[in-house]
Structure formats: structure tokens, C-alpha cells
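Enquirer: Just dropping this structure here.
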Amino acid sequence: MSIPQSGGGPIERHEQLAEYLADGCKPKADWRIGTEHEKFGYCKDTHKPLPYEGERSIRAILEGLRDRYGWAEVNEGGKLIGLTKDGANVSLEPGGALELSGAPLETIHQTCDEVNEHLREVKSIADEIGVGFIGLGAAPEWTHDEMPLMPKGRYKLMDAYQSTVGTTGTTMMRRTCTVQVNLDFGSEADMVQKMRVAIALQPVATALFANSPFFEGKPNGMKSYRSWVWRNMDPARTGMVPFVFEDGFGFERWVQYALDVPMYFVYRDGKYIDALGMSFRDFLKGELPALPGEKPTLSDWADHLTTLFPEARVKKFIEMRGADGGPWRRLCALPALWVGLTYDQTALDAAWDLVKDWDAETREAWRVGAGEQGLDAVVGGRRMQDLAREVVDIARGGLKARARPGLGGMVQDERHFLHALEDSMENGKVPSDELLDRYNGDWAGDLSKIYGEYSY
């Protein structure tokens, strides 16, 4: 999850809220790719999740990365809670999952190199202390009580609030992981088209990257249990945001949506102030109960935007949020999918043509089907596998048109990063299907096998 935002003076005009988003507009030559991925850490001998403190712990991993690889510390309340280097940061999810938020990079070749380097660094530290990391969408065996809450003020507030809105918020915080990609837009109109494609086709990503068929030690009946978790938590800040498809959608409409989402906190002087359930609209008027008489800054606005969790969201870029955490090949395939769909205009137009006639009920049906059935989902007589094949074909064409070479020109473009998804197109299986085949086959129901065979 996000770190506190900084910079930005007082908000003196309502227009500044939309202007903040519009400041993200960039010429196409400056569009970048930011890939984020989370993974669960565990002790190799016990298969139990890592505590924050101790010889085998999250803190030990962060200290090792700091000392051996030159990452700079991020501290809160005297606790080491993150690292930064070269435009990237390493942070902690609420239950201790380790996240790399990658630097904004020009090509998928670069972002994949970044992923590889990060996993190599983490593994070098983890191996020495008997720790492993695994990429899954949901914790396979661990209970809520086994998952420690990391020492971040934001998480303490959120944890208390989640049980009051929806039914799965604390599960989302402690026992799910994702991979996502952050992409740029050139104008408000470009943002609108990309967001509409992103929301409509997010279920395709959910299906292709579904990787959470187990929970608390047994199959859970879903291909993406993580998707089910997100569908059943705080409805005020999650979902398929149908207003994105309404006439007049743009930066100001997103502002109005964000203003209607209840607040979590205000960050002041290194501390999180409880503003749970309060209104940013009241804050703008100087009437926030947590800070009476005080008005927000643009940093407060930026922080508030990080507490919205729809399937895709707008900040100064667009975040694609629908995919489970997963194996290495899928970490590079996700940016390839979305860059191919959105960074070439012909591909973006083709993707929009594919979904422009869907209504809100159809989009939601695809979302539900993706999480429950993966590529076997059927909506309106159409199978997800066929839809996904068409989407991947469009992305492949977009990557070919981008023509960004790698390996010193030895690789013509970025299309090969889609190979993991093309395998799914051929055999109809996503990672969850492969895991269930192993569980019901040679693992003979022994889920502990997952750690040795699927860790990084």
C-alpha cells in the first residue's frame, strides 16, 4: 500500500482537486511503466508467516537489503517500515507481505530486469536466514491470528475500521497479494478512454492471473479468492465504478467520487490522525472533527486518493488493480498485457470497440465469473477464454506497434512477455488450475508442497 505523500500547499480552490489529477497528463514520449508486486514471506522450516521482529523476520529482510544493496531507510515511529532507491521503493503490506513498487521505466524489458534484480536481492538475504517468499493471490494456509499487523499507523487505523464496513476487509489487508501496473495518460480524453477499457477488461486480467484457489489449508471453490475478498469489502471504495462509463466522465467526476469516499486518516508530523468515516468535503470547509478549523493540503488530497480501491483507479496515473500475485512469468506478463492494450492508439481503440456496448450488469457479471471460474466463466453465451484470447491478441498487436527492442536489439519488441498468457489461451488453464491439478494429483492433498515448488 501507499506511503504518505509529500509536497503540495494548501487547497484554496475546489478546482485544485481536479488540477492535481490533470497534472499527470504527459506527452506520449514521456509515458512510463511502473510495476508493483507483493509476495508472502514465511519461515522455511515451519511454513509460518514472518513476524516483524526477530532473526527471521520482515525487519531482518529490510535490514539486509539496506546493508547489502544500498537501499535507504524509510522509518515511522522509530520502526523500519520501507526502503527507497533509484525511484523504486520496498514497502510492507499490513500482514507483512513484501512489496516492490518499481521505478517508472520506459520498457517492459527494463521493468522485468527490475523485477529479476529485486527477487535476486531478496532471495540472497532470505536464503541466509531460512526464509522463503511465494507469489500467490491469497495466503494458502495461515489464519488471521497468525498474520502479524505491521507497525504502520495507517494499518492500525484501517484494521479497526474494516470490520465495520463489509465482511472481508481484514482478510484483504493481511492475507492477499497482488501484482499491478501503473500507466500514464496524455490528456483527459485519453484518461477517460483508458479508464473505461481498464475497468471493463479488468476481469480478463483477474481470470488470466487467478492464483488463489486455497485458503486456510484447503480449496476455497474460487479461481481467485482474492477477487472474492475484494467484492465483499467496503463497497464505498471498491468495485467497477459504473459512473466511469457515463457521459461527462473526467477528472472532476473522479473528484466527486473521491469526495464521497469516507476518510481513513490525516498524516501530520509523522503520525496518522484518526479520521475514520469522516468527510473530505467537511475537511475542505475546515470542519473536519479530527482537525477542527484546519483545511487540507494537496498532500492530504493525494493521501486520500490512495484510500480508494476500485478495480482501476486514477491518481496522476492509472493503476490496474485486478490481478492476483503470482509466479515470476506473470509478473512481467501483467505490464505487457496492459501496455499492449493502452499505449498504442490502434490497440486502445480496438479494446474499446470490444467493450463499448457492455452495460454495468455485463461488466459486473464478468467480474464475478472471473473470480469464481477463471477462463471457464460464461457471460451472455460468451466464454472468458475466448474473450481473453481476443484481448491478448489486441495487446500483442499493440506491443508489436510499440516496437521497443530489448537485449541490445536482439529482441525486436516486447511481445514475448505475453507467452505465459498465450499458454493459458492454448490449454485453458490459469495458475489456479495448475495448483489445483497438483493438489489433487501428485501432492495428494498435501498443501505444504506448495512452498517448495512455487516459491521464488
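Letters A, B, ... mark the chains of the C-alpha cells in the order given; residue numbers begin at 1 per chain; ligand numbers begin at 1, in order shown.
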Taking the chain letters and numbering used in this document, name the residues of stretch 154-312 of chain A that DSSP puts in strand (DSSP E or B), as a PyMOL selection string.

Expert: chain A and resi 166+176+178-183+212+214-215+218-219+224+233+238-239+265-268+271-274+297+309-310+312

Enquirer: Need the shell around A:Glu128: protein/DNA/RNA residues with any atom at most 12 Å away, counting only C-alpha atoms. Skip same-chain ones fewer than 5 positions apart. Format as a PDB file with N, CA and C atoms, in the first residue's frame?

Expert:
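Heads up, here's the output in selection.pdb:
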ATOM      1  N   CYS A  43       8.771 -18.726   7.125  1.00  0.00           N
ATOM      2  CA  CYS A  43       9.917 -19.476   7.627  1.00  0.00           C
ATOM      3  C   CYS A  43       9.947 -20.840   6.933  1.00  0.00           C
ATOM      4  N   LYS A  44      11.081 -21.200   6.378  1.00  0.00           N
ATOM      5  CA  LYS A  44      11.140 -22.408   5.557  1.00  0.00           C
ATOM      6  C   LYS A  44      10.872 -23.682   6.353  1.00  0.00           C
ATOM      7  N   GLU A  55      15.137 -12.793  14.362  1.00  0.00           N
ATOM      8  CA  GLU A  55      16.205 -13.228  13.454  1.00  0.00           C
ATOM      9  C   GLU A  55      15.660 -13.558  12.070  1.00  0.00           C
ATOM     10  N   ARG A  56      14.488 -14.166  12.039  1.00  0.00           N
ATOM     11  CA  ARG A  56      13.832 -14.471  10.764  1.00  0.00           C
ATOM     12  C   ARG A  56      12.563 -13.624  10.718  1.00  0.00           C
ATOM     13  N   ALA A  60      14.435  -8.118   9.404  1.00  0.00           N
ATOM     14  CA  ALA A  60      15.728  -8.668   9.009  1.00  0.00           C
ATOM     15  C   ALA A  60      15.926  -8.600   7.496  1.00  0.00           C
ATOM     16  N   ILE A  61      14.843  -8.836   6.745  1.00  0.00           N
ATOM     17  CA  ILE A  61      14.938  -8.730   5.284  1.00  0.00           C
ATOM     18  C   ILE A  61      15.223  -7.284   4.881  1.00  0.00           C
ATOM     19  N   GLY A  64      18.761  -6.343   5.693  1.00  0.00           N
ATOM     20  CA  GLY A  64      19.704  -6.974   4.768  1.00  0.00           C
ATOM     21  C   GLY A  64      19.751  -6.257   3.431  1.00  0.00           C
ATOM     22  N   GLU A 121      17.898 -10.051  -5.076  1.00  0.00           N
ATOM     23  CA  GLU A 121      18.358  -9.443  -3.832  1.00  0.00           C
ATOM     24  C   GLU A 121      17.621 -10.020  -2.634  1.00  0.00           C
ATOM     25  N   VAL A 122      16.305 -10.100  -2.736  1.00  0.00           N
ATOM     26  CA  VAL A 122      15.515 -10.620  -1.615  1.00  0.00           C
ATOM     27  C   VAL A 122      15.898 -12.060  -1.310  1.00  0.00           C
ATOM     28  N   LYS A 123      16.059 -12.879  -2.345  1.00  0.00           N
ATOM     29  CA  LYS A 123      16.393 -14.285  -2.138  1.00  0.00           C
ATOM     30  C   LYS A 123      17.766 -14.437  -1.483  1.00  0.00           C
TER      31      LYS A 123
END

Enquirer: Excluding stretch 139-147 of chain A and residues on its chain fewer than 2 positions from it, collect all residues at most 8 Å away from it, counting only C-alpha atoms, and give them as a list in words.

Expert: Phe40, Lys48, Pro49, Pro51, Gly95, Gly96, Leu136, Gly137, Leu149, Thr171, Arg174, Arg175, Thr176, Ser212, Phe214, Phe215, Glu216, Gly217, Lys218 and Leu447 of chain A

Enquirer: Okay, now the selection with N, CA and C atoms, as an mmCIF file, in the first residue's frame?

Expert:
data_model
loop_
_atom_site.group_PDB
_atom_site.id
_atom_site.type_symbol
_atom_site.label_atom_id
_atom_site.label_comp_id
_atom_site.auth_asym_id
_atom_site.auth_seq_id
_atom_site.Cartn_x
_atom_site.Cartn_y
_atom_site.Cartn_z
ATOM 1 N N PHE A 40 4.318 -13.154 -0.230
ATOM 2 C CA PHE A 40 4.276 -13.578 1.159
ATOM 3 C C PHE A 40 5.628 -14.141 1.581
ATOM 4 N N LYS A 48 5.395 -20.958 8.528
ATOM 5 C CA LYS A 48 4.609 -19.928 9.190
ATOM 6 C C LYS A 48 5.008 -18.551 8.668
ATOM 7 N N PRO A 49 4.076 -17.590 8.669
ATOM 8 C CA PRO A 49 4.395 -16.246 8.175
ATOM 9 C C PRO A 49 5.427 -15.550 9.035
ATOM 10 N N PRO A 51 7.199 -12.799 11.317
ATOM 11 C CA PRO A 51 6.885 -11.694 12.219
ATOM 12 C C PRO A 51 7.616 -10.437 11.765
ATOM 13 N N GLY A 95 -0.168 -7.319 6.521
ATOM 14 C CA GLY A 95 0.148 -8.587 7.147
ATOM 15 C C GLY A 95 1.586 -9.021 6.977
ATOM 16 N N GLY A 96 2.427 -8.143 6.450
ATOM 17 C CA GLY A 96 3.843 -8.452 6.321
ATOM 18 C C GLY A 96 4.300 -8.851 4.940
ATOM 19 N N LEU A 136 1.439 -15.618 -4.465
ATOM 20 C CA LEU A 136 0.084 -16.144 -4.551
ATOM 21 C C LEU A 136 -0.894 -14.998 -4.330
ATOM 22 N N GLY A 137 -2.139 -15.185 -4.735
ATOM 23 C CA GLY A 137 -3.134 -14.144 -4.526
ATOM 24 C C GLY A 137 -3.694 -14.117 -3.119
ATOM 25 N N LEU A 149 0.204 -7.785 12.295
ATOM 26 C CA LEU A 149 -0.073 -6.474 11.702
ATOM 27 C C LEU A 149 1.199 -5.640 11.786
ATOM 28 N N THR A 171 -9.253 -9.525 5.955
ATOM 29 C CA THR A 171 -8.648 -10.568 5.121
ATOM 30 C C THR A 171 -7.880 -9.937 3.967
ATOM 31 N N ARG A 174 -4.468 -8.499 5.368
ATOM 32 C CA ARG A 174 -3.436 -9.381 5.906
ATOM 33 C C ARG A 174 -3.125 -10.584 5.034
ATOM 34 N N ARG A 175 -4.087 -11.034 4.211
ATOM 35 C CA ARG A 175 -3.892 -12.341 3.580
ATOM 36 C C ARG A 175 -4.139 -12.344 2.078
ATOM 37 N N THR A 176 -3.939 -11.231 1.393
ATOM 38 C CA THR A 176 -3.993 -11.219 -0.066
ATOM 39 C C THR A 176 -2.789 -10.470 -0.623
ATOM 40 N N SER A 212 -5.298 -17.967 -6.539
ATOM 41 C CA SER A 212 -5.603 -18.087 -5.107
ATOM 42 C C SER A 212 -6.726 -19.085 -4.871
ATOM 43 N N PHE A 214 -6.644 -21.615 -2.774
ATOM 44 C CA PHE A 214 -6.595 -22.193 -1.432
ATOM 45 C C PHE A 214 -6.752 -21.105 -0.381
ATOM 46 N N PHE A 215 -7.337 -21.476 0.738
ATOM 47 C CA PHE A 215 -7.439 -20.568 1.873
ATOM 48 C C PHE A 215 -7.615 -21.399 3.134
ATOM 49 N N GLU A 216 -6.829 -21.080 4.133
ATOM 50 C CA GLU A 216 -6.843 -21.792 5.411
ATOM 51 C C GLU A 216 -6.728 -23.309 5.216
ATOM 52 N N GLY A 217 -5.820 -23.678 4.285
ATOM 53 C CA GLY A 217 -5.409 -25.063 4.177
ATOM 54 C C GLY A 217 -6.196 -25.953 3.243
ATOM 55 N N LYS A 218 -7.166 -25.391 2.511
ATOM 56 C CA LYS A 218 -7.955 -26.242 1.616
ATOM 57 C C LYS A 218 -8.471 -25.429 0.435
ATOM 58 N N LEU A 447 -0.932 -29.651 1.019
ATOM 59 C CA LEU A 447 -0.717 -28.286 0.558
ATOM 60 C C LEU A 447 0.662 -27.752 0.927
#

Enquirer: So, with only C-alpha atoms as the atoms that count, which of A:Leu65, A:Leu291, A:Ala360, A:Leu375 lies closest to A:Glu246?

Expert: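 Ranked by minimum distance to A:Glu246, first place goes to A:Ala360.
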
Enquirer: Find the spatial neighbours of stretch 451-455 of chain A, counting only C-alpha atoms, within a cut-off of 10 Å - ignore same-chain residues fewer than 5 positions away - and output them as a list in words.

Expert: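 Using only C-alpha atoms, the neighbours found are Lys39, Phe40, Gly41, Tyr42, Lys44, His47, Gly132, Phe133, Ile134, Gly135, Leu136, Pro140, Gly326, Pro327, Trp328 and Leu435 of chain A.
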
Enquirer: Please produce an output containing N, CA and C atoms for each residue in the selection, written as a PDB file, in the first residue's frame.

Expert:
ATOM      1  N   LYS A  39       4.508 -10.223  -2.294  1.00  0.00           N
ATOM      2  CA  LYS A  39       4.722 -11.658  -2.075  1.00  0.00           C
ATOM      3  C   LYS A  39       4.767 -11.943  -0.577  1.00  0.00           C
ATOM      4  N   PHE A  40       4.318 -13.154  -0.230  1.00  0.00           N
ATOM      5  CA  PHE A  40       4.276 -13.578   1.159  1.00  0.00           C
ATOM      6  C   PHE A  40       5.628 -14.141   1.581  1.00  0.00           C
ATOM      7  N   GLY A  41       6.098 -13.748   2.760  1.00  0.00           N
ATOM      8  CA  GLY A  41       7.288 -14.339   3.347  1.00  0.00           C
ATOM      9  C   GLY A  41       6.915 -15.365   4.394  1.00  0.00           C
ATOM     10  N   TYR A  42       7.754 -16.383   4.540  1.00  0.00           N
ATOM     11  CA  TYR A  42       7.474 -17.438   5.520  1.00  0.00           C
ATOM     12  C   TYR A  42       8.789 -18.068   5.972  1.00  0.00           C
ATOM     13  N   LYS A  44      11.081 -21.200   6.378  1.00  0.00           N
ATOM     14  CA  LYS A  44      11.140 -22.408   5.557  1.00  0.00           C
ATOM     15  C   LYS A  44      10.872 -23.682   6.353  1.00  0.00           C
ATOM     16  N   HIS A  47       6.902 -23.129   7.750  1.00  0.00           N
ATOM     17  CA  HIS A  47       5.920 -22.597   6.794  1.00  0.00           C
ATOM     18  C   HIS A  47       4.988 -21.565   7.428  1.00  0.00           C
ATOM     19  N   GLY A 132      11.630 -17.955   3.011  1.00  0.00           N
ATOM     20  CA  GLY A 132      11.235 -18.041   1.617  1.00  0.00           C
ATOM     21  C   GLY A 132      10.162 -17.024   1.297  1.00  0.00           C
ATOM     22  N   PHE A 133       9.979 -16.759  -0.002  1.00  0.00           N
ATOM     23  CA  PHE A 133       8.906 -15.881  -0.463  1.00  0.00           C
ATOM     24  C   PHE A 133       8.152 -16.569  -1.589  1.00  0.00           C
ATOM     25  N   ILE A 134       6.839 -16.409  -1.575  1.00  0.00           N
ATOM     26  CA  ILE A 134       5.991 -17.086  -2.545  1.00  0.00           C
ATOM     27  C   ILE A 134       4.972 -16.097  -3.108  1.00  0.00           C
ATOM     28  N   GLY A 135       4.714 -16.192  -4.403  1.00  0.00           N
ATOM     29  CA  GLY A 135       3.760 -15.322  -5.063  1.00  0.00           C
ATOM     30  C   GLY A 135       2.419 -16.010  -5.260  1.00  0.00           C
ATOM     31  N   LEU A 136       1.439 -15.618  -4.465  1.00  0.00           N
ATOM     32  CA  LEU A 136       0.084 -16.144  -4.551  1.00  0.00           C
ATOM     33  C   LEU A 136      -0.894 -14.998  -4.330  1.00  0.00           C
ATOM     34  N   PRO A 140      -2.136 -19.350   1.607  1.00  0.00           N
ATOM     35  CA  PRO A 140      -2.716 -20.668   1.389  1.00  0.00           C
ATOM     36  C   PRO A 140      -3.216 -21.366   2.642  1.00  0.00           C
ATOM     37  N   GLY A 326       1.579 -13.549  -8.224  1.00  0.00           N
ATOM     38  CA  GLY A 326       1.815 -14.823  -8.879  1.00  0.00           C
ATOM     39  C   GLY A 326       3.261 -15.140  -9.163  1.00  0.00           C
ATOM     40  N   PRO A 327       3.469 -16.158  -9.981  1.00  0.00           N
ATOM     41  CA  PRO A 327       4.811 -16.612 -10.324  1.00  0.00           C
ATOM     42  C   PRO A 327       5.546 -15.602 -11.192  1.00  0.00           C
ATOM     43  N   TRP A 328       6.849 -15.799 -11.305  1.00  0.00           N
ATOM     44  CA  TRP A 328       7.712 -14.823 -11.965  1.00  0.00           C
ATOM     45  C   TRP A 328       7.219 -14.456 -13.353  1.00  0.00           C
ATOM     46  N   LEU A 435      -2.360 -25.238  -9.889  1.00  0.00           N
ATOM     47  CA  LEU A 435      -2.211 -25.558  -8.467  1.00  0.00           C
ATOM     48  C   LEU A 435      -3.208 -26.620  -8.023  1.00  0.00           C
TER      49      LEU A 435
END

Enquirer: Do you have the atom CA of A:Gly130-atom CA of A:Met150 distance handy?

Expert: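 Atom-to-atom, atom CA of A:Gly130 and atom CA of A:Met150 are spaced 20.5 Å apart.
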
Enquirer: Which residues are close to A:Thr206, i.e. within 8 Å by only C-alpha atoms, leaving aside same-chain residues fewer than 4 positions away? Reply as a compact mmCIF listing (two decimals) with N, CA and C atoms, in the first residue's frame.

Expert:
# COMPACT_ATOMS: atom_id res chain seq x y z
N GLN A 202 -10.74 -5.41 -16.74
CA GLN A 202 -10.05 -5.88 -15.55
C GLN A 202 -10.42 -7.33 -15.21
N ALA A 210 -5.50 -15.47 -12.13
CA ALA A 210 -6.10 -16.10 -10.96
C ALA A 210 -5.14 -17.10 -10.33
N SER A 224 -9.97 -17.18 -8.14
CA SER A 224 -9.31 -16.05 -7.47
C SER A 224 -10.08 -15.71 -6.21
N SER A 227 -10.13 -12.02 -5.52
CA SER A 227 -11.19 -11.25 -6.15
C SER A 227 -12.47 -11.30 -5.32
N GLY A 322 -6.59 -5.52 -10.75
CA GLY A 322 -7.43 -6.71 -10.68
C GLY A 322 -6.73 -8.05 -10.59
N ALA A 323 -5.40 -8.09 -10.59
CA ALA A 323 -4.69 -9.37 -10.74
C ALA A 323 -4.16 -9.90 -9.41
N ASP A 324 -4.18 -11.22 -9.27
CA ASP A 324 -3.55 -11.88 -8.13
C ASP A 324 -2.03 -11.81 -8.25
N ARG A 367 -16.83 -9.74 -13.92
CA ARG A 367 -16.00 -9.65 -12.71
C ARG A 367 -16.26 -10.84 -11.78
N ALA A 370 -15.04 -14.15 -13.44
CA ALA A 370 -13.57 -14.26 -13.49
C ALA A 370 -13.02 -14.80 -12.19
N GLY A 371 -13.51 -14.25 -11.07
CA GLY A 371 -13.00 -14.69 -9.78
C GLY A 371 -13.42 -16.10 -9.43
N GLY A 374 -12.60 -18.32 -13.48
CA GLY A 374 -11.44 -18.08 -14.33
C GLY A 374 -11.82 -18.08 -15.80

Enquirer: Which one of A:Val355, A:Cys177, A:Val131, A:Ala365 sits closest to A:Val379 if you count only C-alpha atoms?

Expert: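 Answer, going by the shortest atom-to-atom distance: A:Ala365.
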
Enquirer: Which residues are near A:Thr362? Cut-off 12 Å, only C-alpha atoms, ignore same chain within fewer than 2 positions. Put them as a PyMOL selection string.

Expert: chain A and resi 199-201+203+240+242+355-360+364-369+378-382

Enquirer: For atom CA of A:Val179 and atom CA of A:Val266, quote the distance in Å rounded to one decimal.

Expert: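 Calculated distance between atom CA of A:Val179 and atom CA of A:Val266 is 27.0 Å.
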
Enquirer: Looking at A:Asp234, A:Glu36, A:Asp269, A:Asp113, which one is nearest to A:Ser101, with distances taken over only C-alpha atoms?

Expert: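 Smallest distance to A:Ser101 is found for A:Glu36.
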